[in-house]
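To be precise, the following lines are run-v2.txt, and they hold compact mmCIF, C-alpha atoms and all ligand atoms.
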```
# COMPACT_ATOMS: atom_id res chain seq x y z
CA MET T 1 0.00 0.00 0.00
CA PRO T 2 1.47 3.37 -0.94
CA ARG T 3 1.52 5.98 1.78
CA SER T 4 -1.43 8.33 1.68
CA HIS T 5 -1.93 11.74 3.27
CA SER T 6 -5.09 13.70 3.87
CA LEU T 7 -4.76 17.37 2.98
CA ALA T 8 -7.05 20.37 3.21
CA VAL T 9 -6.69 23.06 0.58
CA ILE T 10 -7.86 26.62 1.21
CA GLY T 11 -7.16 28.75 -1.85
CA GLY T 12 -8.76 31.88 -0.39
CA ASP T 13 -8.81 35.19 -2.26
CA GLY T 14 -7.08 36.97 -5.09
CA ILE T 15 -4.04 35.11 -6.37
CA GLY T 16 -4.43 32.52 -3.57
CA PRO T 17 -6.37 29.94 -5.61
CA GLU T 18 -4.05 30.17 -8.62
CA VAL T 19 -0.79 29.82 -6.70
CA THR T 20 -2.27 26.95 -4.69
CA ARG T 21 -3.32 25.18 -7.88
CA ALA T 22 0.22 25.63 -9.18
CA ALA T 23 1.61 24.07 -6.00
CA LEU T 24 -0.76 21.12 -6.36
CA ARG T 25 0.59 20.50 -9.83
CA VAL T 26 4.05 20.17 -8.29
CA LEU T 27 2.54 17.86 -5.68
CA ASP T 28 1.24 15.63 -8.50
CA ALA T 29 4.79 15.26 -9.79
CA ALA T 30 6.17 14.58 -6.31
CA GLU T 31 3.57 11.86 -5.73
CA VAL T 32 4.59 10.03 -8.88
CA ARG T 33 8.28 10.31 -8.21
CA PHE T 34 8.18 9.40 -4.52
CA ARG T 35 5.26 6.96 -4.67
CA PHE T 36 2.74 8.32 -2.25
CA SER T 37 -0.72 9.73 -2.66
CA THR T 38 -2.83 12.46 -1.14
CA SER T 39 -6.52 13.14 -0.78
CA ARG T 40 -7.26 16.83 -1.15
CA THR T 41 -10.35 18.44 0.28
CA GLU T 42 -11.01 22.00 -0.81
CA TYR T 43 -12.59 24.47 1.58
CA PRO T 44 -14.17 27.64 0.23
CA TRP T 45 -13.39 30.15 2.98
CA SER T 46 -12.39 33.56 1.76
CA SER T 47 -13.12 37.26 2.11
CA ALA T 48 -15.01 37.15 -1.16
CA ARG T 49 -17.35 34.55 0.27
CA TYR T 50 -17.85 36.70 3.35
CA VAL T 51 -18.70 39.73 1.22
CA GLU T 52 -21.10 37.73 -0.92
CA SER T 53 -22.84 35.60 1.70
CA GLY T 54 -21.76 36.83 5.13
CA GLU T 55 -20.34 33.38 5.87
CA ARG T 56 -17.23 33.23 7.96
CA ILE T 57 -15.11 30.37 9.22
CA GLY T 58 -16.07 29.38 12.76
CA PRO T 59 -14.63 27.24 15.56
CA LYS T 60 -16.56 24.16 14.36
CA ASP T 61 -15.12 24.49 10.85
CA ILE T 62 -11.63 24.81 12.28
CA ASP T 63 -12.16 21.79 14.48
CA GLY T 64 -13.22 19.84 11.41
CA LEU T 65 -9.79 20.43 9.89
CA ARG T 66 -8.14 18.29 12.54
CA LYS T 67 -8.95 15.22 10.49
CA HIS T 68 -6.36 16.33 7.93
CA GLU T 69 -2.63 16.02 8.40
CA ALA T 70 -1.96 19.42 6.89
CA ILE T 71 -3.54 22.42 5.26
CA LEU T 72 -2.23 24.17 2.16
CA PHE T 73 -3.37 27.77 2.31
CA GLY T 74 -3.23 30.41 -0.43
CA ALA T 75 -4.00 33.95 0.70
CA VAL T 76 -6.89 35.89 2.13
CA GLY T 77 -7.98 39.52 1.68
CA ASP T 78 -10.46 41.35 -0.51
CA PRO T 79 -10.66 45.14 -0.80
CA ARG T 80 -14.48 44.93 -0.54
CA ALA T 81 -14.34 43.37 2.92
CA PRO T 82 -13.79 45.38 6.11
CA ARG T 83 -10.10 45.65 6.94
CA GLY T 84 -8.63 42.58 8.60
CA VAL T 85 -11.90 40.97 9.67
CA VAL T 86 -11.73 37.86 7.53
CA GLU T 87 -7.93 37.69 7.65
CA ARG T 88 -8.13 37.50 11.41
CA ALA T 89 -11.04 35.05 11.36
CA ILE T 90 -9.21 32.62 9.09
CA ILE T 91 -5.52 33.11 9.83
CA PHE T 92 -5.77 33.72 13.56
CA GLY T 93 -8.67 31.28 13.74
CA LEU T 94 -6.39 28.55 12.44
CA ARG T 95 -3.32 29.62 14.40
CA GLN T 96 -5.21 29.83 17.70
CA GLY T 97 -7.79 27.14 17.02
CA LEU T 98 -5.25 24.50 16.05
CA ASP T 99 -2.64 25.89 18.47
CA LEU T 100 -0.10 26.35 15.67
CA TYR T 101 2.47 27.83 17.98
CA VAL T 102 5.42 27.73 15.61
CA ASN T 103 5.58 30.02 12.63
CA LEU T 104 8.55 28.71 10.70
CA ARG T 105 9.90 31.11 8.09
CA PRO T 106 13.03 30.19 6.18
CA VAL T 107 14.95 33.05 4.60
CA VAL T 108 16.96 31.42 1.84
CA LEU T 109 18.59 33.13 -1.09
CA TYR T 110 18.24 30.54 -3.86
CA ASP T 111 20.18 32.56 -6.39
CA MET T 112 22.38 35.61 -5.89
CA ARG T 113 20.71 37.53 -8.69
CA LEU T 114 17.52 37.73 -6.60
CA THR T 115 18.79 39.79 -3.68
CA PRO T 116 18.76 43.58 -3.56
CA LEU T 117 21.86 43.41 -1.33
CA ARG T 118 25.07 44.27 -3.10
CA ASP T 119 27.92 41.76 -3.52
CA ARG T 120 26.18 38.86 -1.85
CA GLN T 121 26.53 35.15 -2.55
CA ALA T 122 23.55 32.86 -2.13
CA ALA T 123 25.26 31.22 0.86
CA ASP T 124 25.28 34.56 2.73
CA VAL T 125 21.52 34.47 3.23
CA ASP T 126 20.51 31.16 4.75
CA MET T 127 18.58 31.53 7.98
CA VAL T 128 15.32 30.42 9.49
CA VAL T 129 13.10 32.55 11.68
CA VAL T 130 11.09 30.79 14.37
CA ARG T 131 8.26 33.20 15.10
CA GLU T 132 6.07 32.59 18.15
CA ASN T 133 2.59 32.34 16.69
CA THR T 134 -0.08 32.42 19.41
CA GLU T 135 0.71 35.18 21.96
CA ASP T 136 1.99 38.77 22.13
CA VAL T 137 -0.19 41.69 20.97
CA TYR T 138 -1.76 39.24 18.53
CA THR T 139 -4.25 37.82 21.04
CA GLN T 140 -6.97 40.29 20.00
CA ALA T 141 -7.32 41.58 23.55
CA GLY T 142 -7.47 45.31 24.18
CA ALA T 143 -9.76 48.13 23.24
CA ILE T 144 -10.12 51.72 22.19
CA THR T 145 -11.93 53.52 25.01
CA GLY T 146 -13.00 57.10 25.77
CA THR T 147 -14.06 59.76 23.33
CA GLY T 148 -12.57 62.85 21.77
CA LYS T 149 -9.20 63.81 23.18
CA ASP T 150 -9.65 61.14 25.86
CA GLU T 151 -9.56 58.30 23.37
CA VAL T 152 -7.04 55.68 24.44
CA ALA T 153 -5.98 52.52 22.62
CA VAL T 154 -4.52 49.74 24.76
CA ALA T 155 -3.55 46.21 23.80
CA PRO T 156 -1.58 43.95 26.12
CA MET T 157 1.69 42.43 25.01
CA ARG T 158 1.11 39.12 26.75
CA PHE T 159 3.57 36.24 27.05
CA THR T 160 3.21 33.13 29.18
CA ARG T 161 6.05 30.97 30.48
CA PRO T 162 4.73 27.81 28.75
CA GLY T 163 4.21 29.85 25.57
CA ILE T 164 7.82 31.05 25.56
CA GLU T 165 9.26 27.74 26.71
CA ARG T 166 7.72 25.70 23.92
CA ILE T 167 8.84 28.01 21.15
CA VAL T 168 12.33 28.47 22.55
CA ARG T 169 12.71 24.71 22.96
CA TYR T 170 11.54 24.15 19.37
CA ALA T 171 14.08 26.71 18.17
CA PHE T 172 16.97 25.09 20.05
CA GLU T 173 16.03 21.68 18.62
CA LEU T 174 15.90 23.16 15.14
CA ALA T 175 19.23 24.98 15.58
CA ARG T 176 20.77 21.71 16.76
CA SER T 177 19.69 20.03 13.51
CA ARG T 178 21.34 22.66 11.31
CA PRO T 179 25.02 22.64 10.34
CA ARG T 180 25.97 25.85 12.12
CA LYS T 181 24.03 25.10 15.33
CA HIS T 182 23.56 28.73 16.27
CA LEU T 183 20.46 30.40 17.72
CA THR T 184 19.79 34.13 18.08
CA LEU T 185 17.04 35.46 20.32
CA VAL T 186 15.50 38.66 19.00
CA ASP T 187 13.58 40.84 21.44
CA LYS T 188 13.36 44.39 22.72
CA ALA T 189 14.13 43.69 26.37
CA ASN T 190 15.87 47.05 26.77
CA ALA T 191 12.73 49.10 26.07
CA ILE T 192 10.08 46.55 27.03
CA PRO T 193 11.07 45.20 30.44
CA VAL T 194 8.50 42.35 30.40
CA GLN T 195 10.54 40.79 27.61
CA GLU T 196 13.17 40.00 30.22
CA LEU T 197 11.17 36.78 30.60
CA TRP T 198 12.29 35.74 27.12
CA ARG T 199 15.95 36.30 28.06
CA ARG T 200 15.61 34.26 31.23
CA ILE T 201 13.89 31.33 29.57
CA PHE T 202 16.30 31.47 26.63
CA ASP T 203 19.25 31.05 29.01
CA GLU T 204 17.52 28.40 31.12
CA ILE T 205 16.71 26.20 28.14
CA GLY T 206 19.95 27.05 26.36
CA ALA T 207 21.88 25.56 29.29
CA SER T 208 20.74 22.08 28.23
CA PHE T 209 21.77 22.64 24.61
CA ALA T 210 25.51 22.84 25.12
CA ASP T 211 26.16 22.06 21.45
CA VAL T 212 24.16 25.10 20.26
CA THR T 213 25.86 28.49 20.45
CA ARG T 214 23.53 31.35 21.28
CA ASP T 215 23.32 35.11 21.35
CA ALA T 216 20.61 37.71 21.80
CA MET T 217 19.88 40.88 19.93
CA TYR T 218 17.39 43.74 20.04
CA VAL T 219 14.99 43.76 17.14
CA ASP T 220 16.09 47.12 15.75
CA ALA T 221 19.68 45.93 15.62
CA ALA T 222 18.61 42.60 14.15
CA ALA T 223 16.86 44.44 11.31
CA MET T 224 20.05 46.34 10.57
CA TRP T 225 22.27 43.25 10.71
CA MET T 226 19.95 41.25 8.46
CA VAL T 227 20.77 43.77 5.77
CA GLN T 228 24.39 44.51 6.63
CA LYS T 229 25.67 41.12 7.71
CA PRO T 230 23.07 38.44 6.96
CA GLU T 231 25.68 35.68 7.06
CA GLN T 232 25.86 35.93 10.85
CA PHE T 233 22.33 34.50 11.21
CA ASP T 234 21.48 30.83 11.32
CA THR T 235 18.37 30.19 13.44
CA LEU T 236 16.41 33.04 15.05
CA VAL T 237 13.66 32.89 17.63
CA THR T 238 11.41 35.85 18.31
CA THR T 239 8.04 37.17 19.37
CA ASN T 240 4.95 37.15 17.20
CA LEU T 241 5.02 40.84 16.25
CA PHE T 242 8.76 41.13 15.72
CA GLY T 243 8.71 37.90 13.73
CA ASP T 244 6.01 39.30 11.49
CA ILE T 245 8.04 42.38 10.69
CA LEU T 246 11.46 40.73 10.42
CA THR T 247 10.21 38.06 8.04
CA ASP T 248 8.98 40.60 5.51
CA LEU T 249 12.48 42.05 5.66
CA GLY T 250 13.78 38.51 5.33
CA ALA T 251 11.62 37.94 2.27
CA ALA T 252 12.97 41.15 0.78
CA ILE T 253 16.62 40.14 1.09
CA ALA T 254 15.83 36.70 -0.35
CA GLY T 255 14.19 38.13 -3.45
CA GLY T 256 10.83 39.49 -2.37
CA MET T 257 7.38 38.34 -1.39
CA GLY T 258 7.17 36.16 -4.50
CA ILE T 259 9.40 33.54 -2.91
CA ALA T 260 8.83 33.45 0.85
CA ALA T 261 7.04 30.49 2.42
CA SER T 262 5.96 29.67 5.92
CA GLY T 263 4.65 26.88 8.08
CA ASN T 264 2.20 27.39 10.94
CA ILE T 265 3.05 24.31 12.91
CA ASN T 266 2.04 22.29 15.91
CA PRO T 267 4.60 19.47 15.75
CA GLY T 268 2.94 16.15 15.05
CA LYS T 269 -0.50 17.73 14.63
CA THR T 270 -2.55 19.30 11.83
CA SER T 271 -0.52 22.25 10.59
CA MET T 272 -0.97 24.95 7.98
CA PHE T 273 1.45 25.99 5.23
CA GLU T 274 1.20 29.21 3.26
CA PRO T 275 3.14 31.65 1.13
CA ILE T 276 3.96 34.80 3.11
CA HIS T 277 2.50 37.06 0.43
CA GLY T 278 -1.08 38.29 0.48
CA SER T 279 -3.92 38.03 -2.02
CA ALA T 280 -2.57 40.74 -4.38
CA PRO T 281 -6.03 41.56 -5.82
CA LYS T 282 -4.65 43.53 -8.73
CA TYR T 283 -3.03 40.40 -10.18
CA ALA T 284 -5.90 38.03 -9.37
CA GLY T 285 -7.06 35.78 -12.16
CA GLN T 286 -4.36 36.86 -14.58
CA GLY T 287 -2.02 33.92 -14.09
CA VAL T 288 1.00 36.16 -13.60
CA ALA T 289 1.79 35.79 -9.88
CA SER T 290 4.83 33.79 -8.87
CA PRO T 291 3.74 30.49 -7.31
CA LEU T 292 7.14 29.90 -5.68
CA GLY T 293 5.96 31.00 -2.23
CA ALA T 294 3.14 28.46 -2.40
CA ILE T 295 5.45 25.80 -3.82
CA GLY T 296 7.94 26.50 -1.03
CA ALA T 297 5.07 26.10 1.43
CA LEU T 298 4.28 22.76 -0.20
CA ALA T 299 7.89 21.65 0.38
CA MET T 300 7.49 22.44 4.08
CA LEU T 301 4.13 20.67 4.18
CA LEU T 302 5.67 17.54 2.68
CA ARG T 303 8.33 17.42 5.37
CA HIS T 304 5.64 17.89 8.01
CA VAL T 305 3.64 14.89 6.79
CA GLY T 306 6.77 12.73 6.73
CA GLU T 307 7.66 12.99 3.04
CA ARG T 308 11.06 14.50 3.72
CA GLU T 309 12.65 13.32 0.51
CA ALA T 310 9.83 14.78 -1.54
CA GLY T 311 10.02 18.06 0.38
CA ASP T 312 13.75 18.29 -0.22
CA ALA T 313 13.26 17.51 -3.91
CA VAL T 314 10.69 20.28 -4.30
CA GLU T 315 12.99 22.77 -2.61
CA ARG T 316 15.90 21.66 -4.78
CA ALA T 317 13.73 22.08 -7.86
CA ILE T 318 12.94 25.66 -6.85
CA ARG T 319 16.65 26.36 -6.41
CA ASP T 320 17.69 24.65 -9.66
CA GLY T 321 14.91 26.33 -11.60
CA LEU T 322 16.06 29.73 -10.40
CA ARG T 323 19.79 29.10 -10.82
CA SER T 324 19.35 27.80 -14.35
CA GLU T 325 17.08 30.77 -15.09
CA LEU T 326 14.39 28.43 -16.38
CA ILE T 327 12.48 30.43 -13.80
CA VAL T 328 12.97 33.95 -15.03
CA GLY T 329 12.15 35.99 -11.94
CA LEU T 330 9.85 36.52 -9.00
CA GLU T 331 7.98 39.67 -9.96
CA ALA T 332 4.40 39.37 -11.14
CA GLY T 333 4.42 38.98 -14.91
CA ALA T 334 8.00 37.72 -15.15
CA GLN T 335 6.53 34.41 -16.33
CA ARG T 336 3.12 32.72 -16.30
CA THR T 337 2.16 31.13 -12.98
CA ASP T 338 1.50 27.80 -14.70
CA ASP T 339 4.77 27.87 -16.61
CA VAL T 340 6.73 28.26 -13.39
CA ALA T 341 4.77 25.35 -11.87
CA GLN T 342 5.55 23.29 -14.95
CA VAL T 343 9.29 24.00 -14.67
CA VAL T 344 9.35 23.00 -11.01
CA ALA T 345 7.18 19.92 -11.62
CA GLU T 346 9.53 18.73 -14.36
CA LEU T 347 12.57 19.25 -12.18
CA VAL T 348 10.94 17.25 -9.39
CA GLY T 349 10.55 14.23 -11.59
CA PRO T 350 9.64 11.48 -12.24
C1 LIG N 401 1.65 37.21 8.23
C2 LIG N 401 0.62 38.27 7.97
C3 LIG N 401 -0.46 38.23 9.03
C4 LIG N 401 0.22 38.47 10.38
C5 LIG N 401 -1.61 39.21 8.78
C6 LIG N 401 -2.28 38.97 7.44
C7 LIG N 401 -2.63 39.20 9.87
O1 LIG N 401 1.23 39.51 7.87
O2 LIG N 401 1.29 36.02 8.25
O3 LIG N 401 2.82 37.54 8.39
O4 LIG N 401 0.39 39.61 10.80
O5 LIG N 401 0.56 37.49 11.02
MG MG N 402 3.35 39.42 7.92
```
As structure tokens:
Amino acid sequence: MPRSHSLAVIGGDGIGPEVTRAALRVLDAAEVRFRFSTSRTEYPWSSARYVESGERIGPKDIDGLRKHEAILFGAVGDPRAPRGVVERAIIFGLRQGLDLYVNLRPVVLYDMRLTPLRDRQAADVDMVVVRENTEDVYTQAGAITGTGKDEVAVAPMRFTRPGIERIVRYAFELARSRPRKHLTLVDKANAIPVQELWRRIFDEIGASFADVTRDAMYVDAAAMWMVQKPEQFDTLVTTNLFGDILTDLGAAIAGGMGIAASGNINPGKTSMFEPIHGSAPKYAGQGVASPLGAIGALAMLLRHVGEREAGDAVERAIRDGLRSELIVGLEAGAQRTDDVAQVVAELVGP
């Protein structure tokens, strides 16, 4: 019996459905080459659906996703919908509802021509950001109170010991598995004293990872060093908000939003994989968006469901496609979405 995996597919809005379809085409090739199969259940949640019917994803729907091993997600966001409402319902709904506490965001420069940094080799940009994904100012707590000049907006930046411990431990394990075995904590403990808790837990847990070297950096400095000296970074661990910001910067130095992928992970449980880019409504339906973010997300998904070899092959195909310039570029319109998928699928096999 060939191995089989149950997947959920949420294309979402804008370019989401087209880049997801492109990734599934690569999945077809990987299945043939590595002899496994998947069942794919599509779910229709999107901002467009909310605008048209008022229907939004709810806790029951999210619970229903637990029967799948993984979710491939496109993008969500529609200019007709109220700002952030559906994004939060779906993205935070999944992250909180499935307790996807790790947001894993590799920053890998597949080909030197893609970076805006001057005089950089591909090997100079090869890091992975472990972003905490369930706490911080992202918990939706807080309010705007008062009126007129007395209006006040307050949102708590909330971290729990178990919340920090699990992400820091995950990051040390990950760092240990990488050749350089180095982990950098990124926080703002100088200006935000409650972040001292991150420093303490980082050192406590670090003490039992003697083979992993570690350092800590404030987020402003980290942003500067990512541009000036990216080669010093291997594995990074950081808060939800800082991770959000730093990984857009990371995407930029690796070639832009057209390439960056991420995994929203609860190890061993149903997890969600998505390109970092949004729904890009102005390119929707034209078949011009780069599917490499979604294909990169597929590579991470494959590793999550135990198809490591297939995941590695997909990632290699992305790299080879870019280095050989069979994949022309990452900007919208550089090449048809389907053509890029075809190139990657052919490089994957059989
Ligand atoms: C991301 C996105 C989301 C976030 C938005 C869409 C809510 O920017 O996944 O990085 O802030 O987490
Ligand atoms: Mg973001």
List every protein, DNA or RNA residue that has at least one atom no more than 8 Å from (22.4, 32.5, 20.8) in the file's coordinates, counting only C-alpha atoms, and write the result as a ChimeraX atom specification.
/T:182-185,212-216
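Those protein and nucleic acid residues that have any atom within 9 Å of ligand MG 402 (chain N) are, using all atoms listed in the file, Leu241, Gly243, Asp244, Ile245, Leu246, Thr247, Asp248, Ile276, His277 and Gly278 of chain T.
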Near region 49-59 of chain T, within 12 Å and counting all atoms listed in the file, which residues show up once chain neighbours fewer than 6 positions away are dropped, as a ChimeraX atom specification?
/T:10-14,43,65-66,76-83,85-98
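Among the candidate residues T:Ile205, T:Leu117, T:Leu292, T:Leu104, the one lying nearest to ligand LIG 401 (chain N) is T:Leu104, with distances computed using all atoms listed in the file.
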As a check of understanding: the span from CA of Ser279 (chain T) to atom C7 of ligand LIG 401 (chain N) is 12.0 Å
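Closest to Arg178 (chain T) among T:Met127, T:Ala341, T:Pro193, T:Ser39 is T:Met127, based on only C-alpha atoms.
CA of Leu114 (chain T) sits 24.7 Å away from CA of Leu24 (chain T).
Taking CA of Arg40 (chain T) and CA of Gly321 (chain T) as endpoints, the distance between them is 26.3 Å.
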Restricting to only C-alpha atoms and all ligand atoms, whichever of T:Ala313, T:Val9, T:Ile295, T:Ala280 is closest to ligand LIG 401 (chain N) is T:Ala280
task: Tell me, as a VMD selection string, which residues lie within 10 Å of Phe34 (chain T), counting all atoms listed in the file; anything in the same chain fewer than 4 positions away does not count.
output: chain T and resid 2 to 3 29 to 30 307 309 to 310 313 348 to 350
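Comparing the minimum interatomic distances between ligand LIG 401 (chain N) and each of T:Asp339, T:Glu204, T:Glu173, T:Glu135, counting all atoms listed in the file, we find that T:Glu135 sits nearest.
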For a quick check of your reading of the model, name the residues lying within 9 Å of the coordinate (9.9, 36.9, 17.8), counting only C-alpha atoms, and write them as a ChimeraX atom specification.
/T:129-133,185-187,219,236-244,246
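Residue nearest ligand LIG 401 (chain N), chosen from T:His68, T:Arg105, T:Lys149, T:Arg25 and counting only C-alpha atoms and all ligand atoms: T:Arg105.
When the distance limit is 7 Å and only C-alpha atoms are what count, the residues near region 332-338 of chain T, minus those fewer than 4 positions from it on the same chain, are T:Ala22, T:Gly287, T:Val288, T:Ala289, T:Ser290, T:Pro291, T:Val328, T:Gln342.
Distances from T:Thr160, T:Ser46, T:Asn190, T:Thr115 to Ile15 (chain T) were compared using only C-alpha atoms, and the smallest one belongs to T:Ser46.
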